[in-house]
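Chemist: One file is attached below, coords22.pdb, containing PDB, N, CA and C atoms.
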```pdb
ATOM      1  N   MET A1108     147.712  44.324 202.560
ATOM      2  CA  MET A1108     147.420  43.787 201.253
ATOM      3  C   MET A1108     145.917  43.563 201.145
ATOM      4  N   LYS A1109     145.328  44.093 200.074
ATOM      5  CA  LYS A1109     143.903  43.916 199.836
ATOM      6  C   LYS A1109     143.680  42.535 199.226
ATOM      7  N   THR A1110     142.641  41.851 199.654
ATOM      8  CA  THR A1110     142.370  40.511 199.145
ATOM      9  C   THR A1110     140.963  40.448 198.577
ATOM     10  N   ALA A1111     140.730  39.421 197.769
ATOM     11  CA  ALA A1111     139.401  39.168 197.216
ATOM     12  C   ALA A1111     139.164  37.670 197.275
ATOM     13  N   ARG A1112     137.937  37.304 197.513
ATOM     14  CA  ARG A1112     137.588  35.884 197.620
ATOM     15  C   ARG A1112     137.233  35.344 196.240
ATOM     16  N   MET A1113     137.640  34.081 195.983
ATOM     17  CA  MET A1113     137.316  33.416 194.735
ATOM     18  C   MET A1113     136.785  32.031 195.063
ATOM     19  N   THR A1114     135.655  31.665 194.459
ATOM     20  CA  THR A1114     135.080  30.347 194.660
ATOM     21  C   THR A1114     135.367  29.506 193.428
ATOM     22  N   ILE A1115     135.914  28.323 193.638
ATOM     23  CA  ILE A1115     136.273  27.430 192.546
ATOM     24  C   ILE A1115     135.578  26.098 192.777
ATOM     25  N   LEU A1116     134.878  25.610 191.761
ATOM     26  CA  LEU A1116     134.207  24.324 191.875
ATOM     27  C   LEU A1116     135.158  23.214 191.442
ATOM     28  N   MET A1117     135.179  22.146 192.218
ATOM     29  CA  MET A1117     136.001  20.974 191.907
ATOM     30  C   MET A1117     135.390  19.777 192.593
ATOM     31  N   THR A1118     135.893  18.614 192.236
ATOM     32  CA  THR A1118     135.393  17.396 192.868
ATOM     33  C   THR A1118     135.962  17.297 194.279
ATOM     34  N   PRO A1119     135.310  16.525 195.137
ATOM     35  CA  PRO A1119     135.861  16.319 196.477
ATOM     36  C   PRO A1119     137.266  15.708 196.427
ATOM     37  N   GLU A1120     137.506  14.844 195.444
ATOM     38  CA  GLU A1120     138.825  14.221 195.312
ATOM     39  C   GLU A1120     139.890  15.271 194.978
ATOM     40  N   GLU A1121     139.571  16.184 194.059
ATOM     41  CA  GLU A1121     140.516  17.251 193.708
ATOM     42  C   GLU A1121     140.815  18.134 194.914
ATOM     43  N   LYS A1122     139.760  18.454 195.669
ATOM     44  CA  LYS A1122     139.934  19.280 196.862
ATOM     45  C   LYS A1122     140.845  18.583 197.867
ATOM     46  N   ALA A1123     140.645  17.293 198.048
ATOM     47  CA  ALA A1123     141.470  16.535 198.998
ATOM     48  C   ALA A1123     142.927  16.516 198.562
ATOM     49  N   VAL A1124     143.177  16.361 197.264
ATOM     50  CA  VAL A1124     144.553  16.347 196.750
ATOM     51  C   VAL A1124     145.219  17.693 197.007
ATOM     52  N   ILE A1125     144.505  18.782 196.727
ATOM     53  CA  ILE A1125     145.069  20.125 196.952
ATOM     54  C   ILE A1125     145.346  20.338 198.431
ATOM     55  N   HIS A1126     144.401  19.970 199.272
ATOM     56  CA  HIS A1126     144.576  20.140 200.716
ATOM     57  C   HIS A1126     145.767  19.319 201.220
ATOM     58  N   SER A1127     145.870  18.072 200.764
ATOM     59  CA  SER A1127     146.969  17.204 201.176
ATOM     60  C   SER A1127     148.316  17.780 200.732
ATOM     61  N   ARG A1128     148.369  18.273 199.508
ATOM     62  CA  ARG A1128     149.618  18.856 198.983
ATOM     63  C   ARG A1128     150.007  20.086 199.803
ATOM     64  N   ALA A1129     149.033  20.915 200.129
ATOM     65  CA  ALA A1129     149.308  22.112 200.932
ATOM     66  C   ALA A1129     149.837  21.717 202.314
ATOM     67  N   GLU A1130     149.224  20.728 202.935
ATOM     68  CA  GLU A1130     149.693  20.256 204.239
ATOM     69  C   GLU A1130     151.134  19.763 204.169
ATOM     70  N   SER A1131     151.449  19.020 203.099
ATOM     71  CA  SER A1131     152.811  18.484 202.972
ATOM     72  C   SER A1131     153.835  19.601 202.777
ATOM     73  N   LEU A1132     153.396  20.727 202.211
ATOM     74  CA  LEU A1132     154.288  21.883 202.032
ATOM     75  C   LEU A1132     154.314  22.778 203.269
ATOM     76  N   GLY A1133     153.402  22.531 204.202
ATOM     77  CA  GLY A1133     153.336  23.348 205.414
ATOM     78  C   GLY A1133     152.754  24.725 205.172
ATOM     79  N   VAL A1134     151.865  24.844 204.193
ATOM     80  CA  VAL A1134     151.227  26.127 203.885
ATOM     81  C   VAL A1134     149.720  25.932 203.819
ATOM     82  N   SER A1135     149.010  27.043 203.801
ATOM     83  CA  SER A1135     147.556  26.955 203.675
ATOM     84  C   SER A1135     147.192  26.548 202.246
ATOM     85  N   THR A1136     145.972  26.085 202.104
ATOM     86  CA  THR A1136     145.493  25.708 200.774
ATOM     87  C   THR A1136     145.514  26.919 199.846
ATOM     88  N   GLY A1137     145.093  28.059 200.353
ATOM     89  CA  GLY A1137     145.100  29.283 199.552
ATOM     90  C   GLY A1137     146.502  29.662 199.100
ATOM     91  N   GLU A1138     147.473  29.548 200.012
ATOM     92  CA  GLU A1138     148.859  29.873 199.663
ATOM     93  C   GLU A1138     149.387  28.903 198.607
ATOM     94  N   MET A1139     149.055  27.638 198.747
ATOM     95  CA  MET A1139     149.513  26.648 197.768
ATOM     96  C   MET A1139     148.936  26.964 196.392
ATOM     97  N   VAL A1140     147.654  27.308 196.328
ATOM     98  CA  VAL A1140     147.022  27.646 195.049
ATOM     99  C   VAL A1140     147.640  28.923 194.475
ATOM    100  N   ARG A1141     147.889  29.932 195.328
ATOM    101  CA  ARG A1141     148.522  31.177 194.846
ATOM    102  C   ARG A1141     149.892  30.888 194.251
ATOM    103  N   ARG A1142     150.680  30.029 194.919
ATOM    104  CA  ARG A1142     152.003  29.678 194.403
ATOM    105  C   ARG A1142     151.901  28.952 193.063
ATOM    106  N   ALA A1143     150.932  28.046 192.958
ATOM    107  CA  ALA A1143     150.750  27.301 191.709
ATOM    108  C   ALA A1143     150.384  28.254 190.569
ATOM    109  N   VAL A1144     149.497  29.198 190.853
ATOM    110  CA  VAL A1144     149.105  30.176 189.832
ATOM    111  C   VAL A1144     150.298  31.029 189.436
ATOM    112  N   GLU A1145     151.067  31.462 190.411
ATOM    113  CA  GLU A1145     152.255  32.283 190.134
ATOM    114  C   GLU A1145     153.264  31.522 189.283
ATOM    115  N   SER A1146     153.504  30.254 189.600
ATOM    116  CA  SER A1146     154.478  29.490 188.816
ATOM    117  C   SER A1146     153.954  29.250 187.411
ATOM    118  N   TYR A1147     152.657  29.080 187.256
ATOM    119  CA  TYR A1147     152.071  28.914 185.928
ATOM    120  C   TYR A1147     152.234  30.196 185.125
ATOM    121  N   SER A1148     151.970  31.336 185.738
ATOM    122  CA  SER A1148     152.113  32.624 185.056
ATOM    123  C   SER A1148     153.550  32.858 184.630
ATOM    124  N   THR A1149     154.506  32.528 185.478
ATOM    125  CA  THR A1149     155.915  32.707 185.159
ATOM    126  C   THR A1149     156.314  31.804 184.008
ATOM    127  N   ALA A1150     155.891  30.548 184.048
ATOM    128  CA  ALA A1150     156.229  29.596 182.984
ATOM    129  C   ALA A1150     155.605  30.003 181.665
ATOM    130  N   ALA A1151     154.422  30.603 181.703
ATOM    131  CA  ALA A1151     153.744  31.008 180.471
ATOM    132  C   ALA A1151     154.483  32.140 179.769
ATOM    133  N   ASN A1152     155.245  32.940 180.515
ATOM    134  CA  ASN A1152     155.964  34.067 179.931
ATOM    135  C   ASN A1152     157.345  33.690 179.406
ATOM    136  N   GLU A1153     157.804  32.488 179.716
ATOM    137  CA  GLU A1153     159.117  32.042 179.264
ATOM    138  C   GLU A1153     158.971  31.285 177.955
ATOM    139  N   PRO A1154     159.988  31.361 177.092
ATOM    140  CA  PRO A1154     159.907  30.579 175.857
ATOM    141  C   PRO A1154     159.932  29.090 176.185
ATOM    142  N   PRO A1155     159.258  28.273 175.367
ATOM    143  CA  PRO A1155     159.238  26.839 175.664
ATOM    144  C   PRO A1155     160.622  26.222 175.506
ATOM    145  N   SER A1156     160.879  25.204 176.306
ATOM    146  CA  SER A1156     162.139  24.472 176.189
ATOM    147  C   SER A1156     162.109  23.698 174.872
ATOM    148  N   GLU A1157     163.249  23.114 174.518
ATOM    149  CA  GLU A1157     163.313  22.356 173.265
ATOM    150  C   GLU A1157     162.326  21.185 173.283
ATOM    151  N   SER A1158     162.256  20.478 174.405
ATOM    152  CA  SER A1158     161.336  19.337 174.484
ATOM    153  C   SER A1158     159.879  19.795 174.434
ATOM    154  N   GLU A1159     159.575  20.938 175.072
ATOM    155  CA  GLU A1159     158.213  21.465 175.005
ATOM    156  C   GLU A1159     157.870  21.882 173.576
ATOM    157  N   ALA A1160     158.832  22.472 172.863
ATOM    158  CA  ALA A1160     158.602  22.873 171.480
ATOM    159  C   ALA A1160     158.334  21.654 170.603
ATOM    160  N   VAL A1161     159.098  20.580 170.829
ATOM    161  CA  VAL A1161     158.892  19.349 170.067
ATOM    162  C   VAL A1161     157.511  18.780 170.365
ATOM    163  N   LEU A1162     157.137  18.744 171.650
ATOM    164  CA  LEU A1162     155.818  18.233 172.018
ATOM    165  C   LEU A1162     154.704  19.082 171.423
ATOM    166  N   ASN A1163     154.885  20.400 171.430
ATOM    167  CA  ASN A1163     153.885  21.289 170.837
ATOM    168  C   ASN A1163     153.738  21.019 169.346
ATOM    169  N   ALA A1164     154.862  20.829 168.652
ATOM    170  CA  ALA A1164     154.823  20.542 167.216
ATOM    171  C   ALA A1164     154.129  19.204 166.960
ATOM    172  N   LEU A1165     154.443  18.196 167.782
ATOM    173  CA  LEU A1165     153.792  16.891 167.626
ATOM    174  C   LEU A1165     152.289  16.992 167.892
ATOM    175  N   ALA A1166     151.920  17.767 168.890
ATOM    176  CA  ALA A1166     150.501  17.949 169.197
ATOM    177  C   ALA A1166     149.789  18.632 168.033
ATOM    178  N   ASP A1167     150.435  19.621 167.418
ATOM    179  CA  ASP A1167     149.851  20.294 166.255
ATOM    180  C   ASP A1167     149.657  19.318 165.099
ATOM    181  N   GLU A1168     150.674  18.481 164.854
ATOM    182  CA  GLU A1168     150.580  17.485 163.784
ATOM    183  C   GLU A1168     149.470  16.474 164.076
ATOM    184  N   LEU A1169     149.375  16.046 165.321
ATOM    185  CA  LEU A1169     148.336  15.097 165.701
ATOM    186  C   LEU A1169     146.952  15.707 165.504
ATOM    187  N   PHE A1170     146.786  16.956 165.890
ATOM    188  CA  PHE A1170     145.504  17.643 165.723
ATOM    189  C   PHE A1170     145.130  17.709 164.245
ATOM    190  N   ALA A1171     146.110  18.075 163.389
ATOM    191  CA  ALA A1171     145.848  18.164 161.948
ATOM    192  C   ALA A1171     145.501  16.790 161.376
ATOM    193  N   ALA A1172     146.222  15.750 161.797
ATOM    194  CA  ALA A1172     145.954  14.399 161.304
ATOM    195  C   ALA A1172     144.568  13.928 161.744
ATOM    196  N   ALA A1173     144.191  14.246 162.962
ATOM    197  CA  ALA A1173     142.862  13.855 163.458
ATOM    198  C   ALA A1173     141.773  14.561 162.653
ATOM    199  N   LYS A1174     141.996  15.824 162.328
ATOM    200  CA  LYS A1174     141.028  16.582 161.543
ATOM    201  C   LYS A1174     140.879  15.964 160.153
ATOM    202  N   GLU A1175     142.002  15.619 159.525
ATOM    203  CA  GLU A1175     141.968  14.970 158.213
ATOM    204  C   GLU A1175     141.285  13.604 158.289
ATOM    205  N   SER A1176     141.568  12.865 159.344
ATOM    206  CA  SER A1176     140.958  11.541 159.521
ATOM    207  C   SER A1176     139.448  11.646 159.656
ATOM    208  N   ARG A1177     138.993  12.620 160.442
ATOM    209  CA  ARG A1177     137.545  12.803 160.597
ATOM    210  C   ARG A1177     136.901  13.131 159.263
ATOM    211  N   ALA A1178     137.554  13.973 158.454
ATOM    212  CA  ALA A1178     137.012  14.330 157.141
ATOM    213  C   ALA A1178     136.982  13.107 156.233
ATOM    214  N   ALA A1179     138.034  12.291 156.254
ATOM    215  CA  ALA A1179     138.085  11.085 155.424
ATOM    216  C   ALA A1179     137.006  10.088 155.857
ATOM    217  N   LEU A1180     136.810   9.937 157.153
ATOM    218  CA  LEU A1180     135.770   9.031 157.649
ATOM    219  C   LEU A1180     134.378   9.511 157.252
ATOM    220  N   ALA A1181     134.160  10.811 157.327
ATOM    221  CA  ALA A1181     132.862  11.365 156.932
ATOM    222  C   ALA A1181     132.609  11.112 155.440
ATOM    223  N   ALA A1182     133.629  11.314 154.618
ATOM    224  CA  ALA A1182     133.495  11.075 153.175
ATOM    225  C   ALA A1182     133.232   9.593 152.904
ATOM    226  N   ALA A1183     133.949   8.722 153.600
ATOM    227  CA  ALA A1183     133.752   7.279 153.420
ATOM    228  C   ALA A1183     132.346   6.875 153.843
ATOM    229  N   THR A1184     131.855   7.453 154.911
ATOM    230  CA  THR A1184     130.503   7.150 155.382
ATOM    231  C   THR A1184     129.471   7.566 154.343
ATOM    232  N   ARG A1185     129.658   8.753 153.753
ATOM    233  CA  ARG A1185     128.741   9.208 152.708
ATOM    234  C   ARG A1185     128.777   8.264 151.503
ATOM    235  N   ASP A1186     129.971   7.837 151.121
ATOM    236  CA  ASP A1186     130.113   6.898 149.999
ATOM    237  C   ASP A1186     129.413   5.579 150.295
ATOM    238  N   ILE A1187     129.587   5.060 151.486
ATOM    239  CA  ILE A1187     128.953   3.797 151.868
ATOM    240  C   ILE A1187     127.436   3.940 151.852
ATOM    241  N   GLN A1188     126.940   5.044 152.390
ATOM    242  CA  GLN A1188     125.495   5.262 152.410
ATOM    243  C   GLN A1188     124.942   5.323 150.986
ATOM    244  N   ALA A1189     125.642   6.021 150.095
ATOM    245  CA  ALA A1189     125.195   6.104 148.706
ATOM    246  C   ALA A1189     125.220   4.728 148.039
ATOM    247  N   THR A1190     126.244   3.948 148.312
ATOM    248  CA  THR A1190     126.353   2.604 147.736
ATOM    249  C   THR A1190     125.226   1.710 148.229
ATOM    250  N   VAL A1191     124.939   1.751 149.517
ATOM    251  CA  VAL A1191     123.858   0.939 150.083
ATOM    252  C   VAL A1191     122.528   1.334 149.447
ATOM    253  N   LYS A1192     122.302   2.614 149.259
ATOM    254  CA  LYS A1192     121.049   3.065 148.639
ATOM    255  C   LYS A1192     120.947   2.586 147.196
ATOM    256  N   ARG A1193     122.054   2.652 146.447
ATOM    257  CA  ARG A1193     122.051   2.181 145.060
ATOM    258  C   ARG A1193     121.780   0.677 145.007
ATOM    259  N   LEU A1194     122.433  -0.073 145.883
ATOM    260  CA  LEU A1194     122.209  -1.515 145.918
ATOM    261  C   LEU A1194     120.760  -1.841 146.265
ATOM    262  N   ALA A1195     120.215  -1.139 147.220
ATOM    263  CA  ALA A1195     118.829  -1.370 147.615
ATOM    264  C   ALA A1195     117.888  -1.023 146.461
ATOM    265  N   LYS A1196     118.178   0.053 145.755
ATOM    266  CA  LYS A1196     117.350   0.463 144.619
ATOM    267  C   LYS A1196     117.411  -0.604 143.531
ATOM    268  N   ASN A1197     118.604  -1.130 143.268
ATOM    269  CA  ASN A1197     118.761  -2.169 142.255
ATOM    270  C   ASN A1197     118.012  -3.445 142.632
ATOM    271  N   ARG A1198     117.873  -3.715 143.905
ATOM    272  CA  ARG A1198     117.163  -4.906 144.376
ATOM    273  C   ARG A1198     115.673  -4.648 144.529
ATOM    274  N   GLY A1199     115.285  -3.378 144.418
ATOM    275  CA  GLY A1199     113.860  -3.042 144.539
ATOM    276  C   GLY A1199     113.392  -2.944 145.968
ATOM    277  N   VAL A1200     114.301  -2.724 146.891
ATOM    278  CA  VAL A1200     113.937  -2.591 148.304
ATOM    279  C   VAL A1200     113.646  -1.130 148.591
ATOM    280  N   ALA A1201     112.514  -0.878 149.216
ATOM    281  CA  ALA A1201     112.124   0.508 149.520
ATOM    282  C   ALA A1201     112.498   0.846 150.974
ATOM    283  N   ASN A1202     112.719   2.113 151.217
ATOM    284  CA  ASN A1202     112.952   2.636 152.569
ATOM    285  C   ASN A1202     114.107   1.946 153.298
ATOM    286  N   VAL A1203     115.255   1.933 152.692
ATOM    287  CA  VAL A1203     116.429   1.350 153.333
ATOM    288  C   VAL A1203     116.991   2.369 154.316
ATOM    289  N   ARG A1204     117.255   1.927 155.550
ATOM    290  CA  ARG A1204     117.872   2.804 156.552
ATOM    291  C   ARG A1204     119.367   2.588 156.526
ATOM    292  N   VAL A1205     120.074   3.704 156.427
ATOM    293  CA  VAL A1205     121.545   3.630 156.388
ATOM    294  C   VAL A1205     122.108   4.366 157.568
TER
END
```
What does the file become when written as structure tokens?
Modeler:
Amino acid sequence: MKTARMTILMTPEEKAVIHSRAESLGVSTGEMVRRAVESYSTAANEPPSESEAVLNALADELFAAAKESRAALAAATRDIQATVKRLAKNRGVANVRV
């Protein structure tokens, strides 16, 4: 079997966790990582379970709600800044920082 080397950067803590997990399985660190990659690839090709589909839908809704919230906050901030400037102008205050 032909092999190729791959260098992966991680924290020392992550490396220790991977090494410890490999030891507990009685395999090399490389073998443990290969198995993890293989199981990820297999799972990615299977349709999501019902609970995964529900979680994916909830995550999509949360993402959309967060996007709407950010837009609403930006609009509110612009409104507040305009109001502060108008109030400052009415009071005759120059160079108001908002």
Chemist: Enclose all atoms of stretch 1174-1179 of chain A listed in the file in an axis-aligned box, grow every side by 3 Å, and hand back centre and edge lengths in Å to one decimal, as lines of an AutoDock Vina configuration file.
Modeler:
```
center_x = 139.5
center_y = 13.3
center_z = 158.9
size_x = 11.1
size_y = 12.5
size_z = 12.9
```
Chemist: Please compute the atom N of A:Ala1143-atom CA of A:Arg1112 distance, one decimal, in Å.
Modeler: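 It comes out at 16.2 Å.
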Chemist: Could you pull out the helix (DSSP H, G or I) residues of chain A, going by DSSP on the backbone, and write them as an MDAnalysis selection string?
Modeler: chainID A and resid 1119:1132 1136:1152 1157:1198
Chemist: For the atom pair atom CA of A:Ser1176 and atom N of A:Lys1196, what is the interatomic distance in Å to one decimal place?
Modeler: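 Between atom CA of A:Ser1176 and atom N of A:Lys1196 the gap is 29.0 Å.
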Chemist: Would you work out the distance separating atom CA of A:Met1139 from atom CA of A:Glu1121, expressed in Å to one decimal?
Modeler: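 Interatomic distance, atom CA of A:Met1139 to atom CA of A:Glu1121: 13.6 Å.
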